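Engineer: Right, I'll just put the structure down here and ask away after.
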Amino acid sequence: MNQVPSLPLRRKLLLSLAAGATLASPAGLLAKPLYSKARIVILGAGAAGTAMANRLRRSLPSASITLIGARAQHHYQPGYTMIASGLWSPQKVLSNTGQWLSKGIDWLPEDVAVIDPLQQQLNLTNQQQIGYDLLVVATGCQLNYHQIDGFKPELIGQHGIGSVYAGPDGAKATSEQIDALITQGEGRALFTLSDTPIKCAGAPLKMTFTTLSRLEKSGQREQFQLDFFSPYHNRVFAVPTYNDFVLKRWQEQQVGFYDQRRLTGLDASAKRAWFQHSDGTIQQEDYDFIHVVPPMSASDVIRQSDLVWQNGSFANDWLEVDQYSLQHRRYPNVFGVGDVIGTPFGKTAASVKMQAPVAETNILAYLSGQPLTARYNGYTSCPLITSIGRAILSEFGYEGKLMPSFSFIDPTEESWLVWLMKEQMLQPAYNAMLHGKV
Amino acid sequence: MSIDGILMIAWYAAQPWLWLIAVLCIALVLSLWLGRHRHGPTYFGLWPLSVMVGVLAMLLAPALTNSQLRYVATWPDLLLLAVIGISAMLYTWLLCKNWLRQGN
Ligand SMILES: Cc1cc2nc3c(=O)[nH]c(=O)nc-3n(C[C@H](O)[C@H](O)[C@H](O)COP(=O)(O)OP(=O)(O)OC[C@H]3O[C@@H](n4cnc5c(N)ncnc54)[C@H](O)[C@@H]3O)c2cc1C
């Protein structure tokens, strides 16, 4: 185990705190401002990084808040499903990163190349070196398409290949490939799932359901065979309630289900894919359209740093944090928020909404030498679209416990209202979260 | 979810539609104000017209949101649809009540 750089640092930080500093309010509420001169660096200017920067700017008015992330455009990723289902244009999910940031946040439009948590130093892609007192890691998920033999992201939108995860243009190209399949008048569509944790684990299922809707609408459903390939045993979703619902519905809709099969490679021009069965055998499948879900991990910069989990199921792939406090387990001046963290659940924007106030409260507690009391309960949510026009509000937390937010919405019932939430309300809720307002 | 949170999200959701809300409010205020001197009993047709607009709004709402009427299934769905219909009906009634009078 590494030596933790906390003692001298903590003393320095504590000395810079005003004696009568007030502590943060409980998670969920807005934290009260605290006086600190700490240098806080946030890695990743996506959903989690932006929300954290705005929150910390407000609650630590005298600290320096630096946000590091090269991406000039902000992507509202939950909208990718709507684009890939032919409902939204890519423009609807794009905005400027800068427009979401409060005054007083220093945004460095560079990526981090090396993290040295012992020296509390970062090297950026432009060779700049930056020190920090407290680090918030929010670098999201990395899409490891290269782990599928013969696959390149450039193939998305050609040869019947789609992937909702591949950004707004990739989602649009996916929708066009589905349109091409429908125009063809008959064919076979394969839907895959990766065997790693993935962001919005409902998205591959939603893509299957919305493609079914489009085929039904075309009046030619019978001409098409849809098959779902899952690497897991009799499972497409981690929460049994939703897993059972989906598998039963697919049976009714005549969607073929092949479990314990992991996509290992494909030949784009031959429209052929290879799946590895759990017993090691390789199975070849021909298709007219394939929806590819890439293996995912934290970005390489995290995986190559000492911040990554050292053992257990998240080892070498995800940021090591305590799943409740979101504090790094070995480096107490490092916190993690968003898709990057190695926790059993929590890879949705709705999770970020819950994680951000917890991390904020605990950061303030850490800076003032108080115990960290705020806890993240694993809350994860995504409206699971079951047809274009209706959805189930799936909300759950650690141990797969259902966590419905609204007593009047049955968490297992398909509803138009839940569809409206996805279509109309999720983006405003997300925007409010970015501003640190909810 | 807290009431504060719900109100905040509702405010963010309303922002892109503020222009429409403003247009509808201005139309209503103008209609009530300009028609304030019109007296006499309202035409019998006002109520059926208002109900028709309400029903039309209910029929169109799912389609306008990329959905279908047959997906309006749960009681909160039905309640929402009813709220949309009643709101459209009342708005139409208020908008037209001064203009659909007999004897003016
Ligand atoms: C298809 C799809 C559908 C989804 N549907 C839903 C849904 O319905 N509901 C829901 O709640 N959530 C949904 N999500 C999930 C949600 O979008 C993510 O959980 C959320 O965006 C996570 O935020 P994040 O900040 O952790 O990651 P991101 O928003 O991905 O941001 C990570 C940021 O880190 C940056 N970064 C990466 N590496 C570095 C580096 N080395 N240095 C600096 N910066 C770096 C990236 O450029 C990016 O800006 C969906 C996601 C997808 C892809």
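By order of appearance in the structure tokens: chains A, B, ..., then residues from 1 within every chain, and ligands from 1 in the order shown.
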Could you name the residues that touch A:Gly336 at 6 Å or less, counting only C-alpha atoms, but leaving out those on the same chain fewer than 6 positions away, as an NGL selection string?
Structural biologist: :A and (136-137 or 326)
Engineer: Show me which residues are within 7 Å of ligand 1 counting only C-alpha atoms and all ligand atoms, and format the list as a ChimeraX atom specification.
Structural biologist: /A:43-49,68-71,74-81,110-113,138-141,164-165,199-200,203,299,301,337-340,347-352,381-383,422
Engineer: Report as a list in words the set of chain B residues whose atoms approach chain A to within 9 Å, with distances computed over only C-alpha atoms.
Structural biologist: Met1, Ser2, Asp4, Gly5, Ile6, Met8, Ile9, Ala10, Trp11, Tyr12, Ala13, Ala14, Gln15, Pro62, Ala63, Thr65, Asn66, Ser67, Gln68, Leu69, Tyr71, Val72, Ala73, Thr74, Trp75, Pro76, Asp77 and Leu80 of chain B
Engineer: Compare A:Asn311, A:Ser218, A:Asn333, A:Asn234 by their minimum atom-to-atom distance to A:Leu135, counting only C-alpha atoms, and give me the closest one.
Structural biologist: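 Using only C-alpha atoms, A:Leu135 sits closest to A:Asn333.
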Engineer: Write out as an NGL selection string the residues lying within 7 Å of stretch 56-63 of chain A, counting only C-alpha atoms and excluding same-chain residues fewer than 5 positions away.
Structural biologist: :A and (31-39 or 105 or 360)
Engineer: Please dump the current selection as a compact mmCIF listing (two decimals), in the first residue's frame; keep C-alpha atoms.
Structural biologist:
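For reference, part13.txt as written:
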```
# COMPACT_ATOMS: atom_id res chain seq x y z
CA ALA A 31 -23.74 22.96 1.00
CA LYS A 32 -22.99 26.09 3.01
CA PRO A 33 -19.88 28.00 1.92
CA LEU A 34 -16.61 27.14 3.64
CA TYR A 35 -13.43 29.18 3.73
CA SER A 36 -10.46 27.30 2.27
CA LYS A 37 -7.49 28.21 0.11
CA ALA A 38 -7.16 24.64 -1.16
CA ARG A 39 -6.16 24.07 -4.78
CA ILE A 105 -13.83 28.20 -12.48
CA GLU A 360 -19.31 17.75 -2.23
```
Engineer: Hey, what does DSSP flag as strand (DSSP E) within stretch 7-227 of chain A? Can you give it to me as a CSV table (one decimal) with C-alpha atoms, in the first residue's frame?
Structural biologist:
```csv
chain,number,residue,atom,x,y,z
A,39,ARG,CA,-6.2,24.1,-4.8
A,40,ILE,CA,-8.9,21.8,-6.1
A,41,VAL,CA,-8.5,20.2,-9.5
A,42,ILE,CA,-11.3,18.4,-11.2
A,43,LEU,CA,-10.5,16.0,-14.1
A,64,SER,CA,-9.0,27.7,-6.5
A,65,ILE,CA,-11.2,25.5,-8.7
A,66,THR,CA,-9.5,24.2,-11.9
A,67,LEU,CA,-11.4,22.0,-14.4
A,68,ILE,CA,-9.3,20.0,-16.8
A,73,GLN,CA,-18.4,20.5,-26.7
A,74,HIS,CA,-20.6,19.1,-23.9
A,75,HIS,CA,-22.5,16.0,-24.9
A,94,LEU,CA,-24.6,19.4,-28.1
A,95,SER,CA,-23.7,22.5,-26.3
A,96,ASN,CA,-20.5,24.4,-25.4
A,105,ILE,CA,-13.8,28.2,-12.5
A,106,ASP,CA,-10.5,27.9,-14.4
A,107,TRP,CA,-11.2,25.6,-17.3
A,108,LEU,CA,-8.0,24.2,-18.9
A,112,VAL,CA,-4.5,14.9,-18.3
A,113,ALA,CA,-1.7,12.5,-19.4
A,114,VAL,CA,-0.2,11.4,-16.1
A,115,ILE,CA,-1.5,11.4,-12.6
A,116,ASP,CA,1.0,11.1,-9.7
A,121,GLN,CA,1.0,16.3,-9.5
A,122,LEU,CA,-0.6,16.1,-12.9
A,123,ASN,CA,1.0,16.3,-16.3
A,124,LEU,CA,-1.3,17.6,-19.1
A,129,GLN,CA,2.4,20.4,-14.8
A,130,ILE,CA,-0.2,21.1,-12.2
A,131,GLY,CA,-0.2,20.5,-8.5
A,134,LEU,CA,-7.6,17.9,-3.6
A,135,LEU,CA,-8.4,16.0,-6.7
A,136,VAL,CA,-11.8,15.1,-8.1
A,137,VAL,CA,-11.7,12.4,-10.8
A,142,GLN,CA,-13.5,4.8,-22.1
A,143,LEU,CA,-15.0,2.9,-25.0
A,161,ILE,CA,-22.8,-1.6,-38.1
A,162,GLY,CA,-24.3,0.6,-35.4
A,187,GLY,CA,-32.8,-9.5,-42.7
A,188,ARG,CA,-31.2,-10.3,-39.4
A,189,ALA,CA,-30.3,-7.8,-36.7
A,190,LEU,CA,-27.9,-8.7,-33.8
A,191,PHE,CA,-27.7,-6.8,-30.6
A,192,THR,CA,-24.8,-7.4,-28.3
A,224,PHE,CA,-36.8,-9.7,-39.7
A,225,GLN,CA,-35.1,-11.8,-37.2
A,226,LEU,CA,-33.8,-10.0,-34.1
A,227,ASP,CA,-31.3,-11.8,-31.8
```
Engineer: For B:Ala57, which residue out of B:Leu79, B:Leu24, B:Ile86, B:Leu34 is the nearest one, using only C-alpha atoms?
Structural biologist: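 Ranking B:Leu79, B:Leu24, B:Ile86, B:Leu34 by distance to B:Ala57, first place goes to B:Ile86.
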Engineer: Run DSSP on the backbone and grab whatever in stretch 230-377 of chain A lands in helix (DSSP H, G or I); send it over as a ChimeraX atom specification.
Structural biologist: /A:240-252,300-303,349-367
Engineer: Skipping near chain neighbours, those fewer than 6 positions away, what residues fall within 6 Å of A:Pro294 using only C-alpha atoms, listed as a VMD selection string?
Structural biologist: chain A and resid 143 to 145 194
Engineer: Let me see the file: selected residues, N, CA, C and O atoms, as a PDB file, in the first residue's frame.
Structural biologist:
```pdb
ATOM      1  N   LEU A 143     -14.378   3.931 -24.155  1.00  0.00           N
ATOM      2  CA  LEU A 143     -14.984   2.902 -25.010  1.00  0.00           C
ATOM      3  C   LEU A 143     -13.863   2.099 -25.661  1.00  0.00           C
ATOM      4  O   LEU A 143     -13.114   2.639 -26.478  1.00  0.00           O
ATOM      5  N   ASN A 144     -13.740   0.833 -25.310  1.00  0.00           N
ATOM      6  CA  ASN A 144     -12.616   0.026 -25.813  1.00  0.00           C
ATOM      7  C   ASN A 144     -13.031  -0.806 -27.032  1.00  0.00           C
ATOM      8  O   ASN A 144     -12.971  -2.046 -27.004  1.00  0.00           O
ATOM      9  N   TYR A 145     -13.420  -0.111 -28.089  1.00  0.00           N
ATOM     10  CA  TYR A 145     -13.827  -0.803 -29.320  1.00  0.00           C
ATOM     11  C   TYR A 145     -12.687  -1.680 -29.863  1.00  0.00           C
ATOM     12  O   TYR A 145     -12.928  -2.699 -30.488  1.00  0.00           O
ATOM     13  N   SER A 194     -21.595  -6.051 -23.672  1.00  0.00           N
ATOM     14  CA  SER A 194     -20.206  -6.394 -23.313  1.00  0.00           C
ATOM     15  C   SER A 194     -20.188  -6.970 -21.897  1.00  0.00           C
ATOM     16  O   SER A 194     -21.157  -6.824 -21.144  1.00  0.00           O
TER      17      SER A 194
END
```
Engineer: Using only C-alpha atoms, determine which residues lie at most 9 Å from B:Thr92, disregarding the query and same-chain residues fewer than 4 positions distant; provide the list as a PyMOL selection string.
Structural biologist: chain B and resi 46+49-51+53-54+87-88+96-97
Engineer: Which residues come within 12 Å of A:Thr208, counting only C-alpha atoms, excluding same-chain residues fewer than 3 positions away, as a PyMOL selection string?
Structural biologist: chain A and resi 81+84-85+162-164+175+178+189-193+202-205+211-215+225-229+236+246-247+249-250+253-257+289-293+384-388
Engineer: Go ahead and save the residues from that selection, with N, CA and C atoms, as a short mmCIF file (atom, residue, chain, number, x, y, z; two decimals), in the first residue's frame.
Structural biologist:
```cif
data_model
loop_
_atom_site.label_atom_id
_atom_site.label_comp_id
_atom_site.auth_asym_id
_atom_site.auth_seq_id
_atom_site.Cartn_x
_atom_site.Cartn_y
_atom_site.Cartn_z
N THR A 81 -29.63 7.80 -27.31
CA THR A 81 -30.62 6.76 -27.59
C THR A 81 -31.73 7.32 -28.48
N ALA A 84 -30.27 7.64 -32.00
CA ALA A 84 -30.11 6.33 -32.66
C ALA A 84 -31.45 5.67 -32.94
N SER A 85 -32.52 6.18 -32.30
CA SER A 85 -33.86 5.64 -32.56
C SER A 85 -34.59 6.48 -33.60
N GLY A 162 -23.81 -0.52 -36.20
CA GLY A 162 -24.26 0.60 -35.38
C GLY A 162 -23.76 0.47 -33.97
N SER A 163 -23.71 1.60 -33.26
CA SER A 163 -23.36 1.59 -31.84
C SER A 163 -23.84 2.89 -31.23
N VAL A 164 -24.79 2.80 -30.33
CA VAL A 164 -25.39 4.01 -29.75
C VAL A 164 -24.39 4.78 -28.91
N SER A 175 -28.77 5.01 -36.46
CA SER A 175 -30.16 5.13 -36.89
C SER A 175 -30.27 4.93 -38.41
N ILE A 178 -30.12 1.36 -39.28
CA ILE A 178 -31.39 0.67 -38.98
C ILE A 178 -32.41 0.98 -40.08
N ALA A 189 -30.98 -8.85 -37.48
CA ALA A 189 -30.31 -7.83 -36.67
C ALA A 189 -29.79 -8.47 -35.38
N LEU A 190 -28.51 -8.23 -35.08
CA LEU A 190 -27.93 -8.75 -33.84
C LEU A 190 -27.70 -7.59 -32.88
N PHE A 191 -27.96 -7.85 -31.63
CA PHE A 191 -27.72 -6.85 -30.58
C PHE A 191 -26.79 -7.49 -29.56
N THR A 192 -25.77 -6.76 -29.16
CA THR A 192 -24.76 -7.36 -28.28
C THR A 192 -24.68 -6.61 -26.95
N LEU A 193 -23.94 -7.20 -26.04
CA LEU A 193 -23.71 -6.61 -24.71
C LEU A 193 -22.28 -6.96 -24.35
N GLY A 202 -28.98 0.13 -19.58
CA GLY A 202 -30.25 -0.08 -20.26
C GLY A 202 -30.18 0.25 -21.75
N ALA A 203 -29.15 1.01 -22.16
CA ALA A 203 -29.11 1.49 -23.55
C ALA A 203 -29.12 0.37 -24.59
N PRO A 204 -28.36 -0.73 -24.40
CA PRO A 204 -28.42 -1.80 -25.41
C PRO A 204 -29.82 -2.43 -25.50
N LEU A 205 -30.52 -2.46 -24.38
CA LEU A 205 -31.88 -3.02 -24.37
C LEU A 205 -32.83 -2.04 -25.07
N THR A 211 -35.72 -0.51 -32.04
CA THR A 211 -35.62 -1.08 -33.40
C THR A 211 -36.86 -1.94 -33.67
N LEU A 212 -37.29 -2.69 -32.66
CA LEU A 212 -38.53 -3.47 -32.80
C LEU A 212 -39.70 -2.55 -33.14
N SER A 213 -39.79 -1.42 -32.44
CA SER A 213 -40.88 -0.46 -32.71
C SER A 213 -40.84 0.01 -34.16
N ARG A 214 -39.63 0.31 -34.63
CA ARG A 214 -39.51 0.82 -36.00
C ARG A 214 -39.90 -0.26 -37.01
N LEU A 215 -39.51 -1.49 -36.71
CA LEU A 215 -39.88 -2.59 -37.62
C LEU A 215 -41.39 -2.79 -37.62
N GLN A 225 -35.44 -11.06 -38.37
CA GLN A 225 -35.08 -11.84 -37.19
C GLN A 225 -34.21 -10.94 -36.31
N LEU A 226 -34.61 -10.79 -35.04
CA LEU A 226 -33.80 -10.02 -34.10
C LEU A 226 -33.24 -10.96 -33.05
N ASP A 227 -31.95 -10.89 -32.78
CA ASP A 227 -31.31 -11.76 -31.79
C ASP A 227 -30.45 -10.93 -30.85
N PHE A 228 -30.55 -11.25 -29.58
CA PHE A 228 -29.74 -10.55 -28.58
C PHE A 228 -28.71 -11.52 -28.02
N PHE A 229 -27.45 -11.08 -28.01
CA PHE A 229 -26.36 -11.92 -27.50
C PHE A 229 -25.81 -11.30 -26.22
N VAL A 236 -29.55 -9.99 -18.94
CA VAL A 236 -29.20 -8.83 -19.77
C VAL A 236 -29.13 -7.56 -18.93
N VAL A 246 -37.67 -7.91 -19.21
CA VAL A 246 -37.14 -7.77 -20.58
C VAL A 246 -37.13 -9.14 -21.27
N LEU A 247 -36.62 -10.16 -20.58
CA LEU A 247 -36.53 -11.48 -21.22
C LEU A 247 -37.91 -12.02 -21.58
N ARG A 249 -40.62 -10.20 -22.19
CA ARG A 249 -41.15 -9.40 -23.28
C ARG A 249 -40.53 -9.81 -24.62
N TRP A 250 -39.23 -10.07 -24.60
CA TRP A 250 -38.58 -10.47 -25.86
C TRP A 250 -39.10 -11.82 -26.35
N GLN A 253 -42.11 -11.11 -28.06
CA GLN A 253 -41.87 -10.39 -29.32
C GLN A 253 -41.00 -11.18 -30.30
N GLN A 254 -40.76 -12.42 -29.94
CA GLN A 254 -39.95 -13.31 -30.79
C GLN A 254 -38.55 -12.77 -31.08
N VAL A 255 -37.93 -12.24 -30.04
CA VAL A 255 -36.53 -11.84 -30.15
C VAL A 255 -35.71 -13.04 -29.65
N GLY A 256 -34.78 -13.52 -30.47
CA GLY A 256 -33.95 -14.65 -30.04
C GLY A 256 -33.00 -14.21 -28.94
N PHE A 257 -32.81 -15.06 -27.95
CA PHE A 257 -31.89 -14.70 -26.86
C PHE A 257 -30.81 -15.77 -26.73
N PHE A 289 -27.60 -6.34 -39.78
CA PHE A 289 -27.32 -5.18 -38.92
C PHE A 289 -26.80 -5.71 -37.59
N ILE A 290 -25.78 -5.04 -37.05
CA ILE A 290 -25.31 -5.44 -35.72
C ILE A 290 -25.16 -4.19 -34.85
N HIS A 291 -25.68 -4.28 -33.64
CA HIS A 291 -25.49 -3.19 -32.68
C HIS A 291 -24.40 -3.60 -31.70
N VAL A 292 -23.30 -2.85 -31.75
CA VAL A 292 -22.11 -3.23 -30.98
C VAL A 292 -22.03 -2.41 -29.68
N VAL A 293 -21.88 -3.11 -28.58
CA VAL A 293 -21.65 -2.47 -27.28
C VAL A 293 -20.20 -2.76 -26.89
N LEU A 384 -36.29 2.96 -18.86
CA LEU A 384 -36.07 1.84 -19.78
C LEU A 384 -37.15 1.87 -20.86
N ILE A 385 -36.76 2.34 -22.05
CA ILE A 385 -37.73 2.45 -23.14
C ILE A 385 -38.09 1.04 -23.60
N THR A 386 -39.37 0.72 -23.62
CA THR A 386 -39.79 -0.62 -24.05
C THR A 386 -40.47 -0.58 -25.42
N SER A 387 -40.82 0.59 -25.88
CA SER A 387 -41.31 0.84 -27.25
C SER A 387 -41.10 2.33 -27.46
N ILE A 388 -41.07 2.76 -28.70
CA ILE A 388 -41.03 4.21 -28.91
C ILE A 388 -42.37 4.74 -28.43
#
```
Engineer: Expressed in Å to a single decimal, how great is the separation between atom CA of A:Ile198 and atom CA of A:Ile182?
Structural biologist: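 Atom-to-atom, atom CA of A:Ile198 and atom CA of A:Ile182 are spaced 28.1 Å apart.
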